[in-house]
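File shown here: data.txt, holding compact mmCIF, C-alpha atoms (C1' of nucleotides).
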```txt
# COMPACT_ATOMS: atom_id res chain seq x y z
CA MET G 1 -6.50 20.11 24.93
CA ALA G 2 -7.07 16.96 22.99
CA ALA G 3 -8.91 17.56 19.77
CA THR G 4 -12.55 16.81 20.22
CA THR G 5 -14.51 14.99 17.58
CA ARG G 6 -17.46 16.64 15.97
CA MET G 7 -20.23 14.51 14.57
CA THR G 8 -20.78 16.01 11.17
CA ARG G 9 -23.32 14.86 8.62
CA GLN G 10 -20.47 13.56 6.47
CA LYS G 11 -18.91 11.50 9.22
CA LYS G 12 -22.26 10.07 10.22
CA VAL G 13 -22.94 8.93 6.67
CA ILE G 14 -19.50 7.35 6.30
CA ILE G 15 -19.84 5.43 9.56
CA ASP G 16 -23.29 4.32 8.54
CA ILE G 17 -22.10 2.99 5.19
CA LEU G 18 -19.20 1.17 6.79
CA LYS G 19 -21.19 -0.38 9.59
CA ASN G 20 -23.83 -1.65 7.21
CA THR G 21 -21.76 -3.52 4.68
CA LYS G 22 -20.09 -6.87 5.01
CA SER G 23 -17.76 -6.11 2.14
CA HIS G 24 -14.51 -4.39 2.92
CA PRO G 25 -14.85 -1.38 0.68
CA THR G 26 -12.27 0.98 -0.74
CA ALA G 27 -12.31 4.71 -0.05
CA ASP G 28 -13.59 5.24 -3.55
CA TRP G 29 -16.52 2.88 -3.14
CA ILE G 30 -17.45 4.57 0.13
CA TYR G 31 -17.23 7.92 -1.65
CA GLU G 32 -19.62 6.75 -4.38
CA GLN G 33 -22.11 5.49 -1.81
CA ALA G 34 -21.84 8.65 0.25
CA ARG G 35 -22.51 10.81 -2.82
CA LYS G 36 -25.92 9.20 -3.13
CA ILE G 37 -26.80 10.83 0.18
CA ILE G 38 -24.61 13.93 0.16
CA PRO G 39 -24.03 14.66 -3.53
CA ASP G 40 -21.28 17.20 -3.03
CA ILE G 41 -19.25 15.35 -0.41
CA SER G 42 -15.62 15.35 -1.41
CA LEU G 43 -13.21 12.47 -1.67
CA GLY G 44 -10.82 14.34 0.59
CA THR G 45 -13.44 14.39 3.32
CA VAL G 46 -13.97 10.67 2.94
CA TYR G 47 -10.24 10.05 3.33
CA ARG G 48 -9.99 12.46 6.25
CA ASN G 49 -12.81 10.74 8.11
CA LEU G 50 -11.54 7.27 7.36
CA ARG G 51 -8.21 8.21 8.81
CA LEU G 52 -9.83 9.76 11.87
CA LEU G 53 -12.03 6.73 12.48
CA THR G 54 -9.06 4.41 12.05
CA GLN G 55 -7.08 6.40 14.60
CA MET G 56 -10.00 6.31 17.01
CA GLY G 57 -10.18 2.55 16.65
CA GLU G 58 -13.73 2.67 15.28
CA ILE G 59 -12.80 0.93 12.04
CA LEU G 60 -9.87 -0.98 10.58
CA GLU G 61 -7.71 -0.10 7.62
CA LEU G 62 -6.73 -3.15 5.60
CA ASN G 63 -3.70 -2.17 3.63
CA TYR G 64 -2.18 -5.34 2.30
CA GLY G 65 -2.10 -7.19 -0.97
CA SER G 66 -2.97 -4.20 -3.08
CA SER G 67 -2.01 -0.66 -3.93
CA TYR G 68 -5.05 0.77 -2.18
CA SER G 69 -6.59 0.33 1.24
CA ARG G 70 -9.85 -1.28 2.16
CA PHE G 71 -11.78 -0.46 5.30
CA ASP G 72 -13.56 -2.67 7.78
CA GLY G 73 -16.43 -1.40 9.89
CA ASN G 74 -15.76 -4.13 12.44
CA PRO G 75 -12.84 -3.15 14.67
CA LEU G 76 -12.93 -6.34 16.73
CA PRO G 77 -9.97 -8.63 16.05
CA HIS G 78 -10.60 -11.08 13.25
CA TYR G 79 -8.74 -12.51 10.30
CA HIS G 80 -9.15 -12.04 6.57
CA PHE G 81 -8.99 -13.83 3.27
CA VAL G 82 -7.88 -11.90 0.17
CA CYS G 83 -8.89 -13.19 -3.25
CA GLU G 84 -5.98 -12.76 -5.61
CA LYS G 85 -8.27 -12.84 -8.65
CA CYS G 86 -11.00 -10.34 -7.82
CA GLY G 87 -9.35 -8.52 -4.93
CA ARG G 88 -12.28 -8.94 -2.58
CA VAL G 89 -11.64 -9.38 1.12
CA PHE G 90 -13.62 -11.82 3.25
CA ASP G 91 -13.78 -12.39 6.99
CA VAL G 92 -12.36 -15.67 8.20
CA ASP G 93 -14.18 -17.34 11.05
CA LEU G 94 -11.19 -18.53 13.04
CA PRO G 95 -10.61 -18.04 16.75
CA ILE G 96 -8.05 -15.40 17.67
CA PHE G 97 -4.61 -16.62 18.73
CA SER G 98 -4.73 -14.52 21.85
CA ASN G 99 -1.46 -15.68 23.37
CA LEU G 100 0.60 -15.05 20.27
CA ASN G 101 1.41 -11.43 21.02
CA GLN G 102 2.86 -12.27 24.42
CA GLU G 103 4.83 -15.09 22.91
CA VAL G 104 6.49 -12.81 20.40
CA GLU G 105 6.97 -10.16 23.04
CA ALA G 106 8.82 -12.60 25.28
CA GLN G 107 10.96 -13.76 22.42
CA THR G 108 11.91 -10.41 20.93
CA GLY G 109 11.72 -7.88 23.73
CA PHE G 110 9.53 -5.78 21.45
CA LEU G 111 6.25 -4.31 22.59
CA VAL G 112 3.61 -6.23 20.62
CA LYS G 113 0.26 -4.49 20.41
CA ASN G 114 -1.58 -6.63 17.92
CA HIS G 115 -1.21 -8.97 15.00
CA ARG G 116 -2.78 -9.57 11.65
CA LEU G 117 -3.36 -12.81 9.84
CA GLU G 118 -4.39 -12.89 6.21
CA PHE G 119 -4.96 -15.78 3.86
CA TYR G 120 -4.41 -15.49 0.13
CA GLY G 121 -5.87 -17.53 -2.68
CA THR G 122 -8.93 -17.79 -4.90
CA CYS G 123 -12.47 -17.26 -3.68
CA LEU G 124 -15.36 -19.54 -4.58
CA ASP G 125 -16.79 -17.30 -7.30
CA CYS G 126 -13.45 -16.97 -9.03
CA ARG G 127 -12.73 -20.70 -8.65
CA GLN G 128 -15.89 -21.55 -10.54
CA LYS G 129 -15.27 -19.06 -13.30
CA SER G 130 -11.92 -20.53 -14.27
CA MET B 1 6.22 -18.68 -25.73
CA ALA B 2 6.74 -17.89 -22.11
CA ALA B 3 9.05 -14.98 -21.58
CA THR B 4 12.47 -16.20 -20.66
CA THR B 5 14.44 -14.45 -17.98
CA ARG B 6 17.69 -12.82 -18.85
CA MET B 7 20.31 -12.36 -16.20
CA THR B 8 21.32 -8.75 -16.68
CA ARG B 9 23.94 -6.95 -14.69
CA GLN B 10 21.21 -4.89 -13.10
CA LYS B 11 19.15 -7.87 -12.00
CA LYS B 12 22.22 -9.59 -10.62
CA VAL B 13 23.10 -6.56 -8.50
CA ILE B 14 19.55 -6.23 -7.18
CA ILE B 15 19.37 -9.90 -6.21
CA ASP B 16 22.76 -9.61 -4.57
CA ILE B 17 21.74 -6.60 -2.48
CA LEU B 18 18.53 -8.27 -1.41
CA LYS B 19 20.07 -11.60 -0.52
CA ASN B 20 22.77 -9.96 1.57
CA THR B 21 20.73 -7.78 3.86
CA LYS B 22 18.67 -8.79 6.85
CA SER B 23 16.73 -5.57 6.70
CA HIS B 24 13.61 -5.49 4.56
CA PRO B 25 14.49 -2.59 2.33
CA THR B 26 12.33 -0.30 0.25
CA ALA B 27 12.72 0.01 -3.51
CA ASP B 28 14.38 3.35 -2.99
CA TRP B 29 16.97 2.01 -0.58
CA ILE B 30 17.79 -0.80 -3.01
CA TYR B 31 18.09 1.80 -5.75
CA GLU B 32 20.57 3.84 -3.69
CA GLN B 33 22.67 0.76 -2.96
CA ALA B 34 22.57 -0.36 -6.59
CA ARG B 35 23.75 3.07 -7.75
CA LYS B 36 26.99 2.54 -5.85
CA ILE B 37 27.73 -0.31 -8.23
CA ILE B 38 25.90 0.79 -11.38
CA PRO B 39 25.74 4.58 -11.12
CA ASP B 40 23.30 5.08 -13.96
CA ILE B 41 20.83 2.33 -13.05
CA SER B 42 17.32 3.72 -13.09
CA LEU B 43 14.63 3.50 -10.45
CA GLY B 44 12.28 2.08 -13.08
CA THR B 45 14.64 -0.82 -13.63
CA VAL B 46 14.76 -1.50 -9.91
CA TYR B 47 10.98 -1.61 -9.75
CA ARG B 48 10.73 -3.76 -12.87
CA ASN B 49 13.16 -6.30 -11.47
CA LEU B 50 11.58 -6.33 -8.05
CA ARG B 51 8.25 -7.11 -9.64
CA LEU B 52 9.76 -9.80 -11.81
CA LEU B 53 11.54 -11.43 -8.91
CA THR B 54 8.39 -11.30 -6.81
CA GLN B 55 6.40 -12.99 -9.58
CA MET B 56 9.09 -15.65 -9.90
CA GLY B 57 8.88 -16.33 -6.18
CA GLU B 58 12.52 -15.38 -5.63
CA ILE B 59 11.69 -12.64 -3.17
CA LEU B 60 8.72 -11.40 -1.18
CA GLU B 61 6.94 -8.08 -1.40
CA LEU B 62 5.82 -6.82 2.00
CA ASN B 63 3.10 -4.31 1.40
CA TYR B 64 1.38 -3.68 4.67
CA GLY B 65 1.30 -0.96 7.23
CA SER B 66 2.75 1.71 5.02
CA SER B 67 2.34 3.57 1.78
CA TYR B 68 5.35 1.89 0.23
CA SER B 69 6.47 -1.71 -0.16
CA ARG B 70 9.43 -3.39 1.41
CA PHE B 71 11.14 -6.41 -0.06
CA ASP B 72 12.44 -9.58 1.51
CA GLY B 73 15.23 -11.61 -0.04
CA ASN B 74 14.06 -14.69 1.80
CA PRO B 75 11.08 -16.25 0.02
CA LEU B 76 10.66 -19.08 2.52
CA PRO B 77 7.55 -18.72 4.68
CA HIS B 78 8.18 -16.76 7.85
CA TYR B 79 6.43 -14.10 9.87
CA HIS B 80 7.17 -10.44 10.46
CA PHE B 81 7.11 -7.72 13.07
CA VAL B 82 6.47 -4.14 11.97
CA CYS B 83 7.61 -1.30 14.21
CA GLU B 84 4.96 1.40 14.22
CA LYS B 85 7.46 4.05 15.30
CA CYS B 86 10.38 3.62 12.91
CA GLY B 87 8.71 1.51 10.24
CA ARG B 88 11.36 -1.18 10.24
CA VAL B 89 10.37 -4.78 9.60
CA PHE B 90 11.89 -7.68 11.51
CA ASP B 91 11.69 -11.43 11.06
CA VAL B 92 9.85 -13.30 13.77
CA ASP B 93 11.24 -16.67 14.73
CA LEU B 94 8.00 -18.57 15.11
CA PRO B 95 7.18 -21.95 13.58
CA ILE B 96 4.84 -21.87 10.60
CA PHE B 97 1.22 -22.83 11.19
CA SER B 98 1.31 -25.29 8.36
CA ASN B 99 -2.18 -26.71 8.77
CA LEU B 100 -3.90 -23.37 8.86
CA ASN B 101 -4.38 -23.04 5.12
CA GLN B 102 -6.18 -26.36 4.88
CA GLU B 103 -8.31 -25.47 7.83
CA VAL B 104 -9.52 -22.26 6.20
CA GLU B 105 -9.92 -24.05 2.89
CA ALA B 106 -12.18 -26.63 4.47
CA GLN B 107 -14.21 -23.98 6.20
CA THR B 108 -14.68 -21.56 3.31
CA GLY B 109 -14.45 -23.60 0.14
CA PHE B 110 -11.86 -21.10 -1.08
CA LEU B 111 -8.53 -22.15 -2.53
CA VAL B 112 -5.97 -21.06 0.05
CA LYS B 113 -2.45 -20.75 -1.27
CA ASN B 114 -0.65 -19.10 1.61
CA HIS B 115 -1.03 -16.88 4.59
CA ARG B 116 0.75 -13.98 6.21
CA LEU B 117 1.11 -13.16 9.85
CA GLU B 118 2.42 -9.81 11.01
CA PHE B 119 2.85 -8.38 14.44
CA TYR B 120 2.64 -4.66 15.14
CA GLY B 121 4.10 -2.67 17.97
CA THR B 122 7.28 -0.93 19.09
CA CYS B 123 10.75 -2.34 18.53
CA LEU B 124 13.45 -2.39 21.20
CA ASP B 125 15.33 0.66 19.90
CA CYS B 126 12.19 2.77 19.79
CA ARG B 127 11.05 1.50 23.18
CA GLN B 128 14.23 2.75 24.78
CA LYS B 129 14.11 6.12 23.08
CA SER B 130 10.72 7.04 24.51
C1' DA U 1 -18.36 32.72 18.93
C1' DT U 2 -14.97 29.61 17.49
C1' DA U 3 -12.30 25.71 16.40
C1' DG U 4 -12.79 21.68 13.89
C1' DG U 5 -14.66 20.11 9.52
C1' DT U 6 -15.75 20.75 4.55
C1' DG U 7 -15.21 21.27 -0.64
C1' DC U 8 -12.18 22.06 -4.08
C1' DA U 9 -8.09 21.57 -6.40
C1' DA U 10 -3.33 21.27 -6.35
C1' DA U 11 0.43 18.68 -4.46
C1' DT U 12 2.67 14.52 -2.88
C1' DG U 13 4.91 10.11 -3.03
C1' DT U 14 5.21 5.64 -4.83
C1' DT U 15 4.99 2.81 -8.66
C1' DT U 16 4.17 2.02 -13.64
C1' DT U 17 4.79 2.74 -18.45
C1' DG U 18 5.97 4.43 -23.40
C1' DC U 19 9.68 4.96 -26.11
C1' DT U 20 14.04 4.21 -28.09
C1' DG U 21 18.32 2.20 -27.75
C1' DT U 22 21.19 -1.79 -25.88
C1' DC U 23 22.92 -6.29 -24.72
C1' DA U 24 22.46 -11.30 -23.11
C1' DA U 25 21.56 -15.59 -25.20
C1' DT T 1 20.52 -11.76 -34.67
C1' DT T 2 16.77 -10.52 -31.83
C1' DG T 3 13.64 -9.92 -28.29
C1' DA T 4 13.94 -9.13 -23.42
C1' DC T 5 15.63 -5.50 -20.80
C1' DA T 6 17.82 -0.87 -19.91
C1' DG T 7 17.56 4.35 -19.13
C1' DC T 8 14.88 8.32 -19.10
C1' DA T 9 11.02 10.96 -18.26
C1' DA T 10 6.23 11.39 -18.24
C1' DA T 11 2.04 9.36 -16.55
C1' DA T 12 -0.78 7.02 -13.40
C1' DC T 13 -2.55 6.18 -9.10
C1' DA T 14 -4.05 6.49 -4.33
C1' DT T 15 -3.82 9.59 -0.78
C1' DT T 16 -2.80 14.06 1.52
C1' DT T 17 -2.99 18.93 2.14
C1' DG T 18 -3.57 24.29 1.78
C1' DC T 19 -6.99 27.47 1.78
C1' DA T 20 -11.21 29.94 2.39
C1' DC T 21 -15.69 29.02 3.90
C1' DC T 22 -19.05 26.68 6.90
C1' DT T 23 -21.24 24.52 10.97
C1' DA T 24 -21.59 21.68 15.22
C1' DT T 25 -21.01 22.63 19.79
```
Could you render the structure as structure tokens?
Amino acid sequence: MAATTRMTRQKKVIIDILKNTKSHPTADWIYEQARKIIPDISLGTVYRNLRLLTQMGEILELNYGSSYSRFDGNPLPHYHFVCEKCGRVFDVDLPIFSNLNQEVEAQTGFLVKNHRLEFYGTCLDCRQKS
Amino acid sequence: MAATTRMTRQKKVIIDILKNTKSHPTADWIYEQARKIIPDISLGTVYRNLRLLTQMGEILELNYGSSYSRFDGNPLPHYHFVCEKCGRVFDVDLPIFSNLNQEVEAQTGFLVKNHRLEFYGTCLDCRQKS
DNA sequence: ATAGGTGCAAATGTTTTGCTGTCAA
DNA sequence: TTGACAGCAAAACATTTGCACCTAT
């Protein structure tokens, strides 16, 4: 039997935090927020649930440009901007290149499931500070 | 004074390995290759040089989709395909979207220096195995 | 009732770093 | 000559996991 998914208090809180922030938080930030509601939640549980939710396609793991992952409560395809100064990740409002996967598939013979597009540079806040 | 760059035997070997492989090797793989030429080279030295070369723009660090980085001896802009089964990274022969950075810059007010585009899926070898 | 989830802490795996000695310029 | 770089090993860091207990179904 496929493993069923239980809706625990911990998972509910983690989903809630993730769906209600526009930032793309780290596991640690989510942990700190979650502790405000469930003081003895453990970091391991946060990681376990983030992995589960990622596998279920409920959230996205953004694991580029840094040594740690960030998570995105919006699983719909969209692109990102990474600030190289402060490390923050922003959504980029650009239409999806929906034919690109097929194009690469035709060219390579590989099975292409999805693609990611990230922009790197300096965000507005950091631009003004320098 | 800006730190000058010394061409050590170690650095030379690492550059040579990286420029002569089409794979996108991990630090550990580079280390193993380098040991065939300099048996007592240390992993720390490999990492130090990889970081240095990345900062100098000589090579690219590919740090997505996995817990460890891969390195690319070709610093010219190009896109990648990541196999989710075997973890290998392939070059994708697609023209660069050269106006995209400006487009995002205009839209966000951020300073956009570059972008990355990666495709995810199953490579030909892994497709045939399943 | 029971299997999937939790908290805790130890383990893991990759990458970085402190120190002392070495070598490229 | 000398300061950037090497080797070595320990530390740092994010993330995963083993275990005994707990709880959603």
In Å, rounded to a single decimal, give me how far CA of His24 in chain G is from CA of Phe71 in chain G.
5.3 Å
Please indicate the distance in Å from C1' of DA9 in chain T to CA of Trp29 in chain B, rounded to one decimal place.
20.7 Å
Chain B residues near chain T (10 Å cut-off, all atoms listed in the file) as an MDAnalysis selection string
chainID B and resid 3:8 10:11 40:45 48:49 67
Write the residues you've just listed into a file as an mmCIF file, in the frame of the given file, and include C-alpha atoms for each of them.
```
data_model
loop_
_atom_site.group_PDB
_atom_site.id
_atom_site.type_symbol
_atom_site.label_atom_id
_atom_site.label_comp_id
_atom_site.auth_asym_id
_atom_site.auth_seq_id
_atom_site.Cartn_x
_atom_site.Cartn_y
_atom_site.Cartn_z
ATOM 1 C CA ALA B 3 9.050 -14.980 -21.580
ATOM 2 C CA THR B 4 12.470 -16.200 -20.660
ATOM 3 C CA THR B 5 14.440 -14.450 -17.980
ATOM 4 C CA ARG B 6 17.690 -12.820 -18.850
ATOM 5 C CA MET B 7 20.310 -12.360 -16.200
ATOM 6 C CA THR B 8 21.320 -8.750 -16.680
ATOM 7 C CA GLN B 10 21.210 -4.890 -13.100
ATOM 8 C CA LYS B 11 19.150 -7.870 -12.000
ATOM 9 C CA ASP B 40 23.300 5.080 -13.960
ATOM 10 C CA ILE B 41 20.830 2.330 -13.050
ATOM 11 C CA SER B 42 17.320 3.720 -13.090
ATOM 12 C CA LEU B 43 14.630 3.500 -10.450
ATOM 13 C CA GLY B 44 12.280 2.080 -13.080
ATOM 14 C CA THR B 45 14.640 -0.820 -13.630
ATOM 15 C CA ARG B 48 10.730 -3.760 -12.870
ATOM 16 C CA ASN B 49 13.160 -6.300 -11.470
ATOM 17 C CA SER B 67 2.340 3.570 1.780
#
```
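The shortest atom-to-atom distance to chain G, with all atoms listed in the file taken into account, belongs to B:Tyr64 out of B:Tyr64, B:Thr108, B:Leu76, B:Ile96.
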Rows by chain and residue number, chain B within 7 Å of chain G, shortest pair, all atoms listed in the file, as a tab-separated table:
```
residue	atom	partner	partner_atom	distance
B:Asn63	CA	G:Tyr64	CA	5.5
B:Tyr64	CA	G:Tyr64	CA	4.6
B:Gly65	CA	G:Asn63	CA	6.3
B:Gly109	CA	G:Leu124	CA	6.3
B:Phe110	CA	G:Cys123	CA	4.7
B:Leu111	CA	G:Thr122	CA	5.0
B:Val112	CA	G:Gly121	CA	4.5
B:Lys113	CA	G:Gly121	CA	4.9
B:Asn114	CA	G:Tyr120	CA	5.4
B:His115	CA	G:Phe119	CA	4.1
B:Arg116	CA	G:Glu118	CA	5.3
B:Leu117	CA	G:Leu117	CA	4.5
B:Glu118	CA	G:Arg116	CA	5.2
B:Phe119	CA	G:His115	CA	4.1
B:Tyr120	CA	G:Asn114	CA	5.4
B:Gly121	CA	G:Val112	CA	4.5
B:Thr122	CA	G:Leu111	CA	5.0
B:Cys123	CA	G:Phe110	CA	4.7
B:Leu124	CA	G:Phe110	CA	5.2
```
Given only C-alpha atoms (C1' of nucleotides), how would the per-residue table for chain U near chain B read, listing every residue at most 8 Å away with its closest atom pair and distance in Å to one decimal, sorted by chain and number, as a Markdown table?
```
| residue | atom | partner | partner_atom | distance |
| --- | --- | --- | --- | --- |
| U:DT14 | C1' | B:Tyr68 | CA | 6.3 |
| U:DT15 | C1' | B:Tyr47 | CA | 7.5 |
| U:DA24 | C1' | B:Arg6 | CA | 6.6 |
| U:DA25 | C1' | B:Arg6 | CA | 7.9 |
```
Selection export as a CSV table (one decimal), in the coordinates of the input, atoms kept: C-alpha atoms (C1' of nucleotides):
```
chain,number,residue,atom,x,y,z
U,14,DT,C1',5.2,5.6,-4.8
U,15,DT,C1',5.0,2.8,-8.7
U,24,DA,C1',22.5,-11.3,-23.1
U,25,DA,C1',21.6,-15.6,-25.2
```
I'd like the contact shell of Asn20 in chain B - 12 Å cut-off, all atoms listed in the file, skipping same-chain residues fewer than 3 positions apart - returned as a PyMOL selection string.
chain B and resi 13-17+23-25+30+33+72-74
Selection export as a PDB file, in the frame of the given file, atoms kept: C-alpha atoms:
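Output file out_12.pdb follows:
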```pdb
ATOM      1  CA  VAL B  13      23.100  -6.560  -8.500  1.00  0.00           C
ATOM      2  CA  ILE B  14      19.550  -6.230  -7.180  1.00  0.00           C
ATOM      3  CA  ILE B  15      19.370  -9.900  -6.210  1.00  0.00           C
ATOM      4  CA  ASP B  16      22.760  -9.610  -4.570  1.00  0.00           C
ATOM      5  CA  ILE B  17      21.740  -6.600  -2.480  1.00  0.00           C
ATOM      6  CA  SER B  23      16.730  -5.570   6.700  1.00  0.00           C
ATOM      7  CA  HIS B  24      13.610  -5.490   4.560  1.00  0.00           C
ATOM      8  CA  PRO B  25      14.490  -2.590   2.330  1.00  0.00           C
ATOM      9  CA  ILE B  30      17.790  -0.800  -3.010  1.00  0.00           C
ATOM     10  CA  GLN B  33      22.670   0.760  -2.960  1.00  0.00           C
ATOM     11  CA  ASP B  72      12.440  -9.580   1.510  1.00  0.00           C
ATOM     12  CA  GLY B  73      15.230 -11.610  -0.040  1.00  0.00           C
ATOM     13  CA  ASN B  74      14.060 -14.690   1.800  1.00  0.00           C
TER      14      ASN B  74
END
```
To one decimal in Å, tell me the separation between CA of Pro75 in chain B and CA of Leu60 in chain B.
5.5 Å
Some atoms are absent from range 53-73 of chain G, so rebuild N, CA and C atoms and return them as a PDB file, in the coordinates of the input.
```
ATOM      1  N   LEU G  53     -11.337   7.880  11.877  1.00  0.00           N
ATOM      2  CA  LEU G  53     -12.030   6.730  12.480  1.00  0.00           C
ATOM      3  C   LEU G  53     -11.056   5.592  12.737  1.00  0.00           C
ATOM      4  N   THR G  54     -10.090   5.440  11.846  1.00  0.00           N
ATOM      5  CA  THR G  54      -9.060   4.410  12.050  1.00  0.00           C
ATOM      6  C   THR G  54      -8.257   4.728  13.304  1.00  0.00           C
ATOM      7  N   GLN G  55      -7.859   5.995  13.428  1.00  0.00           N
ATOM      8  CA  GLN G  55      -7.080   6.400  14.600  1.00  0.00           C
ATOM      9  C   GLN G  55      -7.861   6.243  15.897  1.00  0.00           C
ATOM     10  N   MET G  56      -9.162   6.455  15.825  1.00  0.00           N
ATOM     11  CA  MET G  56     -10.000   6.310  17.010  1.00  0.00           C
ATOM     12  C   MET G  56     -10.296   4.855  17.334  1.00  0.00           C
ATOM     13  N   GLY G  57      -9.926   3.960  16.409  1.00  0.00           N
ATOM     14  CA  GLY G  57     -10.180   2.550  16.650  1.00  0.00           C
ATOM     15  C   GLY G  57     -11.609   2.126  16.348  1.00  0.00           C
ATOM     16  N   GLU G  58     -12.339   2.984  15.637  1.00  0.00           N
ATOM     17  CA  GLU G  58     -13.730   2.670  15.280  1.00  0.00           C
ATOM     18  C   GLU G  58     -13.802   1.691  14.116  1.00  0.00           C
ATOM     19  N   ILE G  59     -12.825   1.773  13.248  1.00  0.00           N
ATOM     20  CA  ILE G  59     -12.800   0.930  12.040  1.00  0.00           C
ATOM     21  C   ILE G  59     -11.370   0.422  11.851  1.00  0.00           C
ATOM     22  N   LEU G  60     -11.196  -0.480  10.903  1.00  0.00           N
ATOM     23  CA  LEU G  60      -9.870  -0.980  10.580  1.00  0.00           C
ATOM     24  C   LEU G  60      -9.490  -0.606   9.164  1.00  0.00           C
ATOM     25  N   GLU G  61      -8.226  -0.284   8.974  1.00  0.00           N
ATOM     26  CA  GLU G  61      -7.710  -0.100   7.620  1.00  0.00           C
ATOM     27  C   GLU G  61      -6.985  -1.369   7.217  1.00  0.00           C
ATOM     28  N   LEU G  62      -7.364  -1.928   6.096  1.00  0.00           N
ATOM     29  CA  LEU G  62      -6.730  -3.150   5.600  1.00  0.00           C
ATOM     30  C   LEU G  62      -5.855  -2.774   4.412  1.00  0.00           C
ATOM     31  N   ASN G  63      -4.579  -2.698   4.671  1.00  0.00           N
ATOM     32  CA  ASN G  63      -3.700  -2.170   3.630  1.00  0.00           C
ATOM     33  C   ASN G  63      -2.656  -3.194   3.175  1.00  0.00           C
ATOM     34  N   TYR G  64      -3.128  -4.353   2.803  1.00  0.00           N
ATOM     35  CA  TYR G  64      -2.180  -5.340   2.300  1.00  0.00           C
ATOM     36  C   TYR G  64      -2.679  -5.940   0.993  1.00  0.00           C
ATOM     37  N   GLY G  65      -1.752  -6.449   0.236  1.00  0.00           N
ATOM     38  CA  GLY G  65      -2.100  -7.190  -0.970  1.00  0.00           C
ATOM     39  C   GLY G  65      -2.499  -6.352  -2.152  1.00  0.00           C
ATOM     40  N   SER G  66      -2.480  -5.046  -2.005  1.00  0.00           N
ATOM     41  CA  SER G  66      -2.970  -4.200  -3.080  1.00  0.00           C
ATOM     42  C   SER G  66      -2.383  -2.807  -2.955  1.00  0.00           C
ATOM     43  N   SER G  67      -2.564  -2.011  -3.970  1.00  0.00           N
ATOM     44  CA  SER G  67      -2.010  -0.660  -3.930  1.00  0.00           C
ATOM     45  C   SER G  67      -2.941   0.317  -3.214  1.00  0.00           C
ATOM     46  N   TYR G  68      -4.140  -0.135  -2.888  1.00  0.00           N
ATOM     47  CA  TYR G  68      -5.050   0.770  -2.180  1.00  0.00           C
ATOM     48  C   TYR G  68      -5.603   0.073  -0.941  1.00  0.00           C
ATOM     49  N   SER G  69      -6.073   0.865  -0.013  1.00  0.00           N
ATOM     50  CA  SER G  69      -6.590   0.330   1.240  1.00  0.00           C
ATOM     51  C   SER G  69      -8.058  -0.044   1.120  1.00  0.00           C
ATOM     52  N   ARG G  70      -8.447  -0.973   1.940  1.00  0.00           N
ATOM     53  CA  ARG G  70      -9.850  -1.280   2.160  1.00  0.00           C
ATOM     54  C   ARG G  70     -10.149  -1.001   3.626  1.00  0.00           C
ATOM     55  N   PHE G  71     -11.419  -0.809   3.934  1.00  0.00           N
ATOM     56  CA  PHE G  71     -11.780  -0.460   5.300  1.00  0.00           C
ATOM     57  C   PHE G  71     -12.824  -1.426   5.836  1.00  0.00           C
ATOM     58  N   ASP G  72     -12.732  -1.667   7.132  1.00  0.00           N
ATOM     59  CA  ASP G  72     -13.560  -2.670   7.780  1.00  0.00           C
ATOM     60  C   ASP G  72     -14.292  -2.020   8.946  1.00  0.00           C
ATOM     61  N   GLY G  73     -15.617  -2.017   8.861  1.00  0.00           N
ATOM     62  CA  GLY G  73     -16.430  -1.400   9.890  1.00  0.00           C
ATOM     63  C   GLY G  73     -16.411  -2.141  11.220  1.00  0.00           C
TER      64      GLY G  73
END
```
